[in-house]
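J.: I'm passing along entry.cif; it holds mmCIF, C-alpha atoms.
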data_structure
#
loop_
_atom_site.label_atom_id
_atom_site.label_comp_id
_atom_site.auth_asym_id
_atom_site.auth_seq_id
_atom_site.Cartn_x
_atom_site.Cartn_y
_atom_site.Cartn_z
CA MET A 1 -30.72 -47.90 20.56
CA PRO A 2 -27.70 -47.24 18.58
CA ILE A 3 -28.34 -44.91 15.68
CA VAL A 4 -25.91 -45.53 12.83
CA ARG A 5 -25.73 -42.62 10.39
CA ILE A 6 -23.78 -43.27 7.19
CA GLU A 7 -22.77 -40.37 4.97
CA LEU A 8 -21.72 -41.59 1.53
CA PHE A 9 -21.75 -40.65 -2.13
CA PRO A 10 -25.01 -41.11 -4.05
CA GLY A 11 -25.34 -43.86 -6.60
CA ARG A 12 -25.28 -47.04 -4.54
CA PRO A 13 -28.20 -49.28 -5.48
CA THR A 14 -30.90 -49.57 -2.86
CA GLU A 15 -30.17 -53.30 -2.41
CA VAL A 16 -26.54 -52.51 -1.56
CA LYS A 17 -27.60 -50.02 1.10
CA HIS A 18 -30.09 -52.48 2.56
CA GLU A 19 -27.48 -55.24 2.59
CA LEU A 20 -25.06 -52.89 4.38
CA ALA A 21 -27.71 -52.06 6.96
CA ARG A 22 -28.55 -55.71 7.58
CA GLU A 23 -24.89 -56.65 8.01
CA ILE A 24 -24.14 -53.74 10.32
CA THR A 25 -27.21 -54.57 12.41
CA ALA A 26 -26.03 -58.17 12.64
CA THR A 27 -22.50 -57.04 13.58
CA LEU A 28 -23.87 -54.90 16.42
CA GLU A 29 -25.72 -57.95 17.72
CA ARG A 30 -22.82 -60.36 17.40
CA VAL A 31 -20.07 -58.09 18.74
CA ALA A 32 -21.95 -55.95 21.26
CA GLY A 33 -25.05 -57.96 22.12
CA ILE A 34 -27.46 -55.33 20.83
CA LYS A 35 -30.77 -56.79 19.76
CA PRO A 36 -31.52 -56.02 16.07
CA SER A 37 -34.81 -54.22 16.70
CA ALA A 38 -32.89 -51.59 18.70
CA THR A 39 -30.63 -50.58 15.80
CA THR A 40 -31.54 -47.82 13.37
CA VAL A 41 -29.42 -47.23 10.25
CA VAL A 42 -29.84 -44.02 8.26
CA PHE A 43 -28.10 -43.19 4.97
CA ILE A 44 -27.35 -39.59 4.08
CA GLU A 45 -26.10 -39.03 0.55
CA VAL A 46 -23.52 -36.30 -0.07
CA GLU A 47 -22.45 -35.25 -3.58
CA PRO A 48 -18.72 -35.70 -4.33
CA THR A 49 -18.58 -32.00 -5.10
CA ASP A 50 -19.71 -31.25 -1.53
CA TRP A 51 -17.02 -33.43 0.03
CA ILE A 52 -13.55 -31.93 0.32
CA VAL A 53 -10.51 -33.65 1.82
CA GLY A 54 -7.22 -31.83 2.30
CA GLY A 55 -8.65 -28.78 0.57
CA GLU A 56 -9.28 -30.74 -2.64
CA PRO A 57 -12.81 -31.58 -3.78
CA PHE A 58 -13.18 -35.32 -3.86
CA ALA A 59 -14.49 -35.28 -7.44
CA ARG A 60 -11.17 -33.86 -8.61
CA GLN A 61 -9.04 -36.35 -6.66
CA ARG A 62 -9.94 -39.38 -8.71
CA MET B 1 -29.05 -21.57 21.39
CA PRO B 2 -30.57 -24.90 21.22
CA ILE B 3 -30.39 -26.34 17.74
CA VAL B 4 -33.21 -28.82 17.12
CA ARG B 5 -32.54 -31.08 14.15
CA ILE B 6 -35.46 -33.24 13.01
CA GLU B 7 -34.85 -36.12 10.62
CA LEU B 8 -38.12 -37.33 9.11
CA PHE B 9 -39.62 -38.78 5.96
CA PRO B 10 -40.30 -36.39 3.07
CA GLY B 11 -43.83 -35.47 2.18
CA ARG B 12 -45.01 -33.38 5.11
CA PRO B 13 -46.52 -30.11 3.87
CA THR B 14 -44.49 -27.01 4.59
CA GLU B 15 -47.21 -25.66 6.88
CA VAL B 16 -47.01 -28.80 9.02
CA LYS B 17 -43.26 -28.42 9.41
CA HIS B 18 -43.62 -24.76 10.29
CA GLU B 19 -46.35 -25.53 12.82
CA LEU B 20 -44.08 -28.20 14.37
CA ALA B 21 -41.22 -25.71 14.61
CA ARG B 22 -43.40 -23.05 16.20
CA GLU B 23 -44.79 -25.48 18.78
CA ILE B 24 -41.37 -26.89 19.64
CA THR B 25 -39.96 -23.37 20.01
CA ALA B 26 -42.84 -22.50 22.32
CA THR B 27 -42.29 -25.70 24.33
CA LEU B 28 -38.62 -24.86 24.83
CA GLU B 29 -39.67 -21.46 26.17
CA ARG B 30 -42.43 -22.74 28.44
CA VAL B 31 -40.58 -25.77 29.86
CA ALA B 32 -36.97 -24.59 29.87
CA GLY B 33 -37.20 -20.79 29.81
CA ILE B 34 -35.38 -20.47 26.50
CA LYS B 35 -36.30 -17.33 24.63
CA PRO B 36 -37.76 -18.10 21.18
CA SER B 37 -35.19 -16.12 19.19
CA ALA B 38 -32.48 -18.44 20.54
CA THR B 39 -34.03 -21.60 19.10
CA THR B 40 -33.19 -22.90 15.63
CA VAL B 41 -35.16 -25.80 14.14
CA VAL B 42 -33.83 -27.59 11.05
CA PHE B 43 -35.64 -30.33 9.13
CA ILE B 44 -33.62 -32.99 7.30
CA GLU B 45 -35.66 -35.26 5.05
CA VAL B 46 -34.62 -38.90 4.73
CA GLU B 47 -36.22 -41.27 2.22
CA PRO B 48 -37.95 -44.34 3.74
CA THR B 49 -35.64 -46.49 1.65
CA ASP B 50 -32.63 -44.93 3.42
CA TRP B 51 -34.01 -45.65 6.89
CA ILE B 52 -33.59 -49.16 8.23
CA VAL B 53 -34.75 -50.40 11.64
CA GLY B 54 -33.90 -53.88 12.90
CA GLY B 55 -32.30 -54.69 9.55
CA GLU B 56 -35.56 -54.08 7.69
CA PRO B 57 -36.00 -51.08 5.39
CA PHE B 58 -38.78 -48.93 6.72
CA ALA B 59 -40.57 -48.90 3.37
CA ARG B 60 -41.03 -52.65 3.58
CA GLN B 61 -42.28 -52.62 7.18
CA ARG B 62 -45.56 -50.96 6.41
CA MET C 1 -39.52 -42.46 12.73
CA PRO C 2 -38.48 -38.96 13.27
CA ILE C 3 -35.25 -38.57 15.17
CA VAL C 4 -35.16 -35.27 17.07
CA ARG C 5 -31.65 -34.24 18.10
CA ILE C 6 -31.40 -31.29 20.47
CA GLU C 7 -28.05 -29.59 21.03
CA LEU C 8 -28.15 -27.37 24.09
CA PHE C 9 -26.04 -26.10 26.96
CA PRO C 10 -25.45 -28.44 29.89
CA GLY C 11 -27.12 -27.83 33.20
CA ARG C 12 -30.78 -28.47 32.53
CA PRO C 13 -32.21 -30.85 35.14
CA THR C 14 -33.06 -34.32 33.87
CA GLU C 15 -36.77 -33.76 34.56
CA VAL C 16 -36.76 -30.69 32.33
CA LYS C 17 -35.18 -32.65 29.47
CA HIS C 18 -37.69 -35.47 29.91
CA GLU C 19 -40.59 -33.01 29.99
CA LEU C 20 -39.28 -31.42 26.78
CA ALA C 21 -39.06 -34.83 25.12
CA ARG C 22 -42.57 -35.78 26.18
CA GLU C 23 -44.04 -32.52 24.91
CA ILE C 24 -42.18 -32.68 21.60
CA THR C 25 -43.31 -36.27 21.10
CA ALA C 26 -46.88 -35.22 21.78
CA THR C 27 -46.56 -32.29 19.37
CA LEU C 28 -45.36 -34.59 16.60
CA GLU C 29 -48.41 -36.75 17.17
CA ARG C 30 -50.92 -33.91 17.34
CA VAL C 31 -49.57 -31.84 14.45
CA ALA C 32 -48.19 -34.50 12.11
CA GLY C 33 -50.01 -37.68 13.12
CA ILE C 34 -46.81 -39.50 14.11
CA LYS C 35 -47.42 -42.21 16.68
CA PRO C 36 -45.37 -41.58 19.86
CA SER C 37 -43.49 -44.90 19.78
CA ALA C 38 -41.94 -43.85 16.45
CA THR C 39 -40.29 -40.71 17.86
CA THR C 40 -36.79 -40.70 19.31
CA VAL C 41 -35.45 -37.63 21.11
CA VAL C 42 -31.73 -37.33 21.84
CA PHE C 43 -30.06 -34.55 23.83
CA ILE C 44 -26.48 -33.56 23.04
CA GLU C 45 -24.90 -31.14 25.51
CA VAL C 46 -22.46 -28.55 24.20
CA GLU C 47 -20.43 -26.31 26.51
CA PRO C 48 -21.02 -22.55 26.07
CA THR C 49 -17.32 -22.18 25.37
CA ASP C 50 -17.70 -24.53 22.37
CA TRP C 51 -20.57 -22.55 20.90
CA ILE C 52 -19.69 -19.42 18.93
CA VAL C 53 -22.17 -17.09 17.21
CA GLY C 54 -21.03 -14.21 15.02
CA GLY C 55 -17.43 -14.98 15.93
CA GLU C 56 -18.09 -14.38 19.62
CA PRO C 57 -18.07 -17.26 22.13
CA PHE C 58 -21.46 -17.56 23.68
CA ALA C 59 -20.05 -17.53 27.20
CA ARG C 60 -18.70 -14.03 26.61
CA GLN C 61 -21.92 -12.67 25.14
CA ARG C 62 -23.90 -12.81 28.32
CA MET D 1 -8.96 -35.59 11.65
CA PRO D 2 -11.34 -32.84 12.14
CA ILE D 3 -14.57 -33.24 10.23
CA VAL D 4 -16.13 -29.87 9.41
CA ARG D 5 -19.82 -30.13 8.52
CA ILE D 6 -21.40 -26.98 7.11
CA GLU D 7 -25.17 -26.71 6.87
CA LEU D 8 -26.19 -23.84 4.61
CA PHE D 9 -28.82 -22.77 2.12
CA PRO D 10 -28.59 -24.17 -1.40
CA GLY D 11 -27.54 -21.98 -4.27
CA ARG D 12 -23.89 -21.22 -3.59
CA PRO D 13 -21.79 -21.94 -6.69
CA THR D 14 -19.52 -24.95 -6.45
CA GLU D 15 -16.43 -22.76 -6.71
CA VAL D 16 -17.54 -20.76 -3.67
CA LYS D 17 -17.97 -23.93 -1.62
CA HIS D 18 -14.57 -25.22 -2.72
CA GLU D 19 -12.94 -21.89 -1.89
CA LEU D 20 -14.57 -21.99 1.56
CA ALA D 21 -13.28 -25.53 2.12
CA ARG D 22 -9.75 -24.58 1.04
CA GLU D 23 -9.67 -21.55 3.32
CA ILE D 24 -11.07 -23.43 6.31
CA THR D 25 -8.56 -26.22 5.78
CA ALA D 26 -5.77 -23.65 5.68
CA THR D 27 -7.11 -21.95 8.82
CA LEU D 28 -7.09 -25.26 10.71
CA GLU D 29 -3.45 -25.70 9.71
CA ARG D 30 -2.36 -22.18 10.57
CA VAL D 31 -4.24 -21.81 13.86
CA ALA D 32 -4.25 -25.37 15.20
CA GLY D 33 -1.35 -27.07 13.41
CA ILE D 34 -3.59 -29.65 11.72
CA LYS D 35 -2.12 -30.97 8.50
CA PRO D 36 -4.45 -30.33 5.52
CA SER D 37 -4.78 -33.97 4.49
CA ALA D 38 -6.40 -34.68 7.88
CA THR D 39 -9.27 -32.24 7.36
CA THR D 40 -12.57 -33.24 5.77
CA VAL D 41 -15.16 -30.61 4.89
CA VAL D 42 -18.72 -31.66 4.05
CA PHE D 43 -21.50 -29.34 2.87
CA ILE D 44 -25.11 -30.18 3.67
CA GLU D 45 -27.69 -28.02 1.94
CA VAL D 46 -30.90 -27.15 3.79
CA GLU D 47 -33.80 -25.36 2.12
CA PRO D 48 -34.76 -22.00 3.69
CA THR D 49 -38.23 -23.40 4.22
CA ASP D 50 -36.74 -26.16 6.41
CA TRP D 51 -34.85 -23.71 8.60
CA ILE D 52 -36.79 -21.96 11.33
CA VAL D 53 -35.38 -19.44 13.82
CA GLY D 54 -37.45 -18.09 16.69
CA GLY D 55 -40.47 -19.93 15.36
CA GLU D 56 -40.35 -18.05 12.06
CA PRO D 57 -39.36 -19.82 8.82
CA PHE D 58 -36.25 -18.19 7.48
CA ALA D 59 -37.78 -17.70 4.05
CA ARG D 60 -40.39 -15.42 5.56
CA GLN D 61 -37.90 -13.39 7.59
CA ARG D 62 -36.25 -11.74 4.65
CA MET E 1 -27.54 -19.15 8.82
CA PRO E 2 -24.81 -21.57 8.22
CA ILE E 3 -24.15 -23.90 11.12
CA VAL E 4 -20.54 -25.08 11.17
CA ARG E 5 -20.04 -28.19 13.29
CA ILE E 6 -16.42 -29.21 13.91
CA GLU E 7 -15.63 -32.65 15.29
CA LEU E 8 -12.08 -32.82 16.58
CA PHE E 9 -9.92 -34.39 19.26
CA PRO E 10 -10.07 -32.91 22.74
CA GLY E 11 -7.17 -30.92 24.09
CA ARG E 12 -7.15 -27.77 22.00
CA PRO E 13 -7.01 -24.70 24.24
CA THR E 14 -10.18 -22.64 24.34
CA GLU E 15 -8.41 -19.69 22.73
CA VAL E 16 -7.44 -21.84 19.76
CA LYS E 17 -11.04 -22.93 19.26
CA HIS E 18 -12.27 -19.36 19.52
CA GLU E 19 -9.64 -18.16 17.06
CA LEU E 20 -10.71 -20.92 14.64
CA ALA E 21 -14.35 -19.87 14.98
CA ARG E 22 -13.53 -16.21 14.39
CA GLU E 23 -11.48 -16.98 11.30
CA ILE E 24 -14.06 -19.34 9.84
CA THR E 25 -16.80 -16.77 10.45
CA ALA E 26 -14.68 -14.15 8.67
CA THR E 27 -14.01 -16.56 5.79
CA LEU E 28 -17.73 -17.17 5.32
CA GLU E 29 -18.24 -13.42 5.13
CA ARG E 30 -15.37 -12.73 2.75
CA VAL E 31 -15.90 -15.67 0.39
CA ALA E 32 -19.68 -16.12 0.50
CA GLY E 33 -21.02 -12.77 1.69
CA ILE E 34 -22.58 -14.23 4.83
CA LYS E 35 -22.92 -11.68 7.60
CA PRO E 36 -21.05 -12.78 10.75
CA SER E 37 -24.07 -12.71 13.07
CA ALA E 38 -25.68 -15.43 10.92
CA THR E 39 -22.87 -17.95 11.46
CA THR E 40 -22.88 -20.43 14.33
CA VAL E 41 -19.81 -22.56 15.02
CA VAL E 42 -20.07 -25.57 17.34
CA PHE E 43 -17.19 -27.77 18.48
CA ILE E 44 -17.81 -31.43 19.29
CA GLU E 45 -14.89 -33.23 20.90
CA VAL E 46 -14.33 -36.90 20.07
CA GLU E 47 -11.75 -39.03 21.86
CA PRO E 48 -9.03 -40.51 19.62
CA THR E 49 -10.10 -43.94 20.83
CA ASP E 50 -13.59 -43.29 19.41
CA TRP E 51 -12.28 -42.33 15.98
CA ILE E 52 -11.32 -45.14 13.64
CA VAL E 53 -9.99 -44.74 10.09
CA GLY E 54 -9.44 -47.72 7.81
CA GLY E 55 -10.34 -50.06 10.65
CA GLU E 56 -7.49 -48.76 12.82
CA PRO E 57 -8.15 -46.67 15.93
CA PHE E 58 -6.56 -43.30 15.48
CA ALA E 59 -4.76 -43.55 18.81
CA ARG E 60 -2.85 -46.55 17.55
CA GLN E 61 -1.90 -44.98 14.22
CA ARG E 62 0.45 -42.41 15.67
CA MET F 1 -15.29 -41.60 2.03
CA PRO F 2 -18.15 -42.85 3.97
CA ILE F 3 -18.31 -41.42 7.45
CA VAL F 4 -20.10 -43.79 9.83
CA ARG F 5 -21.30 -42.06 13.01
CA ILE F 6 -22.59 -44.35 15.74
CA GLU F 7 -24.54 -42.93 18.66
CA LEU F 8 -24.80 -45.42 21.50
CA PHE F 9 -24.91 -45.68 25.26
CA PRO F 10 -21.63 -45.32 27.17
CA GLY F 11 -20.02 -48.30 28.80
CA ARG F 12 -18.92 -50.47 25.89
CA PRO F 13 -15.28 -51.50 26.32
CA THR F 14 -12.87 -49.87 23.90
CA GLU F 15 -12.08 -53.24 22.34
CA VAL F 16 -15.73 -53.80 21.53
CA LYS F 17 -15.97 -50.43 19.80
CA HIS F 18 -12.78 -51.12 17.84
CA GLU F 19 -14.04 -54.56 16.83
CA LEU F 20 -17.31 -52.99 15.66
CA ALA F 21 -15.40 -50.42 13.61
CA ARG F 22 -13.20 -53.07 12.01
CA GLU F 23 -16.17 -55.24 11.08
CA ILE F 24 -18.18 -52.34 9.69
CA THR F 25 -15.18 -51.19 7.65
CA ALA F 26 -14.81 -54.73 6.28
CA THR F 27 -18.54 -54.89 5.48
CA LEU F 28 -18.35 -51.65 3.51
CA GLU F 29 -15.50 -53.14 1.49
CA ARG F 30 -17.15 -56.51 0.89
CA VAL F 31 -20.65 -55.26 0.12
CA ALA F 32 -20.00 -51.90 -1.53
CA GLY F 33 -16.40 -52.14 -2.77
CA ILE F 34 -15.19 -49.25 -0.59
CA LYS F 35 -11.51 -49.48 0.22
CA PRO F 36 -10.91 -49.60 4.00
CA SER F 37 -8.70 -46.52 4.16
CA ALA F 38 -11.64 -44.43 2.90
CA THR F 39 -13.92 -45.34 5.81
CA THR F 40 -14.07 -43.30 9.01
CA VAL F 41 -16.03 -44.58 12.00
CA VAL F 42 -16.84 -42.21 14.89
CA PHE F 43 -18.55 -43.19 18.15
CA ILE F 44 -20.65 -40.64 20.01
CA GLU F 45 -21.78 -41.71 23.46
CA VAL F 46 -25.20 -40.59 24.70
CA GLU F 47 -26.38 -41.16 28.27
CA PRO F 48 -29.54 -43.30 28.62
CA THR F 49 -31.11 -40.38 30.44
CA ASP F 50 -30.62 -38.21 27.33
CA TRP F 51 -32.29 -40.74 25.03
CA ILE F 52 -36.08 -40.78 24.96
CA VAL F 53 -38.24 -43.07 22.82
CA GLY F 54 -42.00 -42.68 22.67
CA GLY F 55 -41.82 -39.98 25.33
CA GLU F 56 -40.27 -42.38 27.84
CA PRO F 57 -36.63 -42.00 28.93
CA PHE F 58 -34.76 -45.10 27.90
CA ALA F 59 -33.38 -45.61 31.41
CA ARG F 60 -36.89 -46.09 32.73
CA GLN F 61 -37.98 -48.52 30.00
CA ARG F 62 -35.81 -51.37 31.10
#
Rewrite the structure from the file as structure tokens, please.
T.:
Amino acid sequence: MPIVRIELFPGRPTEVKHELAREITATLERVAGIKPSATTVVFIEVEPTDWIVGGEPFARQR
Amino acid sequence: MPIVRIELFPGRPTEVKHELAREITATLERVAGIKPSATTVVFIEVEPTDWIVGGEPFARQR
Amino acid sequence: MPIVRIELFPGRPTEVKHELAREITATLERVAGIKPSATTVVFIEVEPTDWIVGGEPFARQR
Amino acid sequence: MPIVRIELFPGRPTEVKHELAREITATLERVAGIKPSATTVVFIEVEPTDWIVGGEPFARQR
Amino acid sequence: MPIVRIELFPGRPTEVKHELAREITATLERVAGIKPSATTVVFIEVEPTDWIVGGEPFARQR
Amino acid sequence: MPIVRIELFPGRPTEVKHELAREITATLERVAGIKPSATTVVFIEVEPTDWIVGGEPFARQR
């Protein structure tokens, strides 16, 4: 019953996101004893231009 | 002043979402005495490929 | 697989929250054809003093 | 370390969103003593048709 | 209809949070033309021990 | 710059949550090349009584 919501930049291949979800689900089982079927992982993509740290848009920081 | 945020797969017709919002607003009034104008419903669409349960992408489960 | 997250003021009895969840789950089935076991409802309680509309704390508006 | 998440309608120019983020970051510093580099602002755009207040879709209210 | 959700550490006095909300509401009006009554600000408090950056709990970083 | 928000039941020891955050941060680096300092993990605890799946409060399902 944990819900894991991951906000990240767009552009990761689907396989990378699925691999992340599998690993995180496995970590929750190994470290906290949570059975895999109880874990939901959701990805929310946020454009770099909509993500501002320290008053500076992320896009401009790199 | 409740905010109801519904994460679901894309593809529901607009009328279905609006009907859901109306019914949920009415339920909050009937069951909890919350006046309709105080209820906000927001829909957030999440692609099936970004939604993983038990380590398995939802798209592949069906 | 909808996740319904409801932010509301504390103080509703548990039975009221459970009745709300049951009704909302039933509405999602009736209106959108979503099978009940796929719906998760989560309540997040927010103090009236932490909820500000139009620049005015909610607590003070009543 | 505050995270400020702003859900709003699409259509604001990027410069307006960046100006909002800069001002909010500065406000957090001035009012609460939070150093700017600790503040993250994220914008999440929600279509007017997915935003319902009082049972009425926002799009139709205007 | 922006909703501004601010996750921050507990311990800020109520007046500080209200002042932040007032200023942010005013900023949204001045910069983006959003009328104050349309803006909702919600504070969500997160314990430093539940907030981890770079794999290090925030509490331990200070 | 990913933000990982984990909603789970209360009662996990702090060390377990910190271990989870460390492992998830390491997974994001290994699988997606994200440098650890860019990852924020936040835990949000939700009471079993506020978590309803399929119309049944979680507390009652076990």
J.: Would you mind aligning chain E to chain F, a least-squares fit over all C-alpha atoms taken in order, and returning the superposed chain as an mmCIF file with C-alpha atoms, in the coordinates of the input?
T.:
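This is the output file result-v8.cif:
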data_model
loop_
_atom_site.group_PDB
_atom_site.id
_atom_site.type_symbol
_atom_site.label_atom_id
_atom_site.label_comp_id
_atom_site.auth_asym_id
_atom_site.auth_seq_id
_atom_site.Cartn_x
_atom_site.Cartn_y
_atom_site.Cartn_z
ATOM 1 C CA MET E 1 -15.260 -41.617 1.980
ATOM 2 C CA PRO E 2 -18.139 -42.835 3.955
ATOM 3 C CA ILE E 3 -18.315 -41.423 7.454
ATOM 4 C CA VAL E 4 -20.084 -43.799 9.832
ATOM 5 C CA ARG E 5 -21.282 -42.085 13.001
ATOM 6 C CA ILE E 6 -22.587 -44.391 15.741
ATOM 7 C CA GLU E 7 -24.554 -42.958 18.646
ATOM 8 C CA LEU E 8 -24.795 -45.441 21.488
ATOM 9 C CA PHE E 9 -24.906 -45.701 25.260
ATOM 10 C CA PRO E 10 -21.647 -45.345 27.151
ATOM 11 C CA GLY E 11 -20.054 -48.344 28.783
ATOM 12 C CA ARG E 12 -18.939 -50.497 25.883
ATOM 13 C CA PRO E 13 -15.298 -51.510 26.314
ATOM 14 C CA THR E 14 -12.884 -49.890 23.896
ATOM 15 C CA GLU E 15 -12.069 -53.253 22.330
ATOM 16 C CA VAL E 16 -15.733 -53.812 21.524
ATOM 17 C CA LYS E 17 -15.956 -50.446 19.787
ATOM 18 C CA HIS E 18 -12.789 -51.126 17.828
ATOM 19 C CA GLU E 19 -14.027 -54.568 16.813
ATOM 20 C CA LEU E 20 -17.308 -52.992 15.642
ATOM 21 C CA ALA E 21 -15.395 -50.419 13.596
ATOM 22 C CA ARG E 22 -13.188 -53.068 12.006
ATOM 23 C CA GLU E 23 -16.152 -55.232 11.068
ATOM 24 C CA ILE E 24 -18.171 -52.344 9.676
ATOM 25 C CA THR E 25 -15.171 -51.189 7.639
ATOM 26 C CA ALA E 26 -14.796 -54.725 6.265
ATOM 27 C CA THR E 27 -18.527 -54.883 5.485
ATOM 28 C CA LEU E 28 -18.338 -51.647 3.504
ATOM 29 C CA GLU E 29 -15.488 -53.134 1.498
ATOM 30 C CA ARG E 30 -17.124 -56.499 0.883
ATOM 31 C CA VAL E 31 -20.640 -55.263 0.108
ATOM 32 C CA ALA E 32 -19.966 -51.896 -1.539
ATOM 33 C CA GLY E 33 -16.376 -52.119 -2.765
ATOM 34 C CA ILE E 34 -15.193 -49.242 -0.586
ATOM 35 C CA LYS E 35 -11.506 -49.455 0.220
ATOM 36 C CA PRO E 36 -10.905 -49.578 3.995
ATOM 37 C CA SER E 37 -8.693 -46.482 4.164
ATOM 38 C CA ALA E 38 -11.645 -44.407 2.902
ATOM 39 C CA THR E 39 -13.930 -45.325 5.813
ATOM 40 C CA THR E 40 -14.070 -43.295 9.014
ATOM 41 C CA VAL E 41 -16.036 -44.580 12.002
ATOM 42 C CA VAL E 42 -16.846 -42.234 14.891
ATOM 43 C CA PHE E 43 -18.545 -43.202 18.149
ATOM 44 C CA ILE E 44 -20.669 -40.657 20.005
ATOM 45 C CA GLU E 45 -21.791 -41.726 23.463
ATOM 46 C CA VAL E 46 -25.209 -40.602 24.698
ATOM 47 C CA GLU E 47 -26.387 -41.178 28.259
ATOM 48 C CA PRO E 48 -29.542 -43.308 28.601
ATOM 49 C CA THR E 49 -31.137 -40.395 30.429
ATOM 50 C CA ASP E 50 -30.627 -38.235 27.316
ATOM 51 C CA TRP E 51 -32.301 -40.739 25.007
ATOM 52 C CA ILE E 52 -36.081 -40.789 24.949
ATOM 53 C CA VAL E 53 -38.256 -43.066 22.801
ATOM 54 C CA GLY E 54 -42.026 -42.678 22.652
ATOM 55 C CA GLY E 55 -41.855 -39.992 25.319
ATOM 56 C CA GLU E 56 -40.276 -42.381 27.833
ATOM 57 C CA PRO E 57 -36.651 -42.009 28.927
ATOM 58 C CA PHE E 58 -34.773 -45.110 27.957
ATOM 59 C CA ALA E 59 -33.402 -45.546 31.467
ATOM 60 C CA ARG E 60 -36.912 -45.985 32.780
ATOM 61 C CA GLN E 61 -37.974 -48.467 30.103
ATOM 62 C CA ARG E 62 -35.744 -51.272 31.281
#
J.: Output the residue selection produced by the PyMOL selection byres ((chain C) within 6 of (chain B)) on the file above, formatted as a PyMOL selection string.
T.: chain C and resi 2-8
J.: Go ahead and write the residues just picked, C-alpha atoms, as a PDB file, keeping the file's coordinate frame.
T.:
ATOM      1  CA  PRO C   2     -38.480 -38.960  13.270  1.00  0.00           C
ATOM      2  CA  ILE C   3     -35.250 -38.570  15.170  1.00  0.00           C
ATOM      3  CA  VAL C   4     -35.160 -35.270  17.070  1.00  0.00           C
ATOM      4  CA  ARG C   5     -31.650 -34.240  18.100  1.00  0.00           C
ATOM      5  CA  ILE C   6     -31.400 -31.290  20.470  1.00  0.00           C
ATOM      6  CA  GLU C   7     -28.050 -29.590  21.030  1.00  0.00           C
ATOM      7  CA  LEU C   8     -28.150 -27.370  24.090  1.00  0.00           C
TER       8      LEU C   8
END
J.: Any idea what the distance is between atom CA of Gly54 of chain E and atom CA of His18 of chain D?
T.: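 Distance reported for this atom pair: 25.4 Å.
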J.: Give me, please, the distance in Å between atom CA of Glu47 of chain C and atom CA of Thr14 of chain E, quoted to one decimal.
T.: 11.1 Å
J.: Please measure the separation of atom CA of Gly11 of chain A and atom CA of Arg22 of chain F, giving the value in Å to one decimal.
T.: 24.1 Å
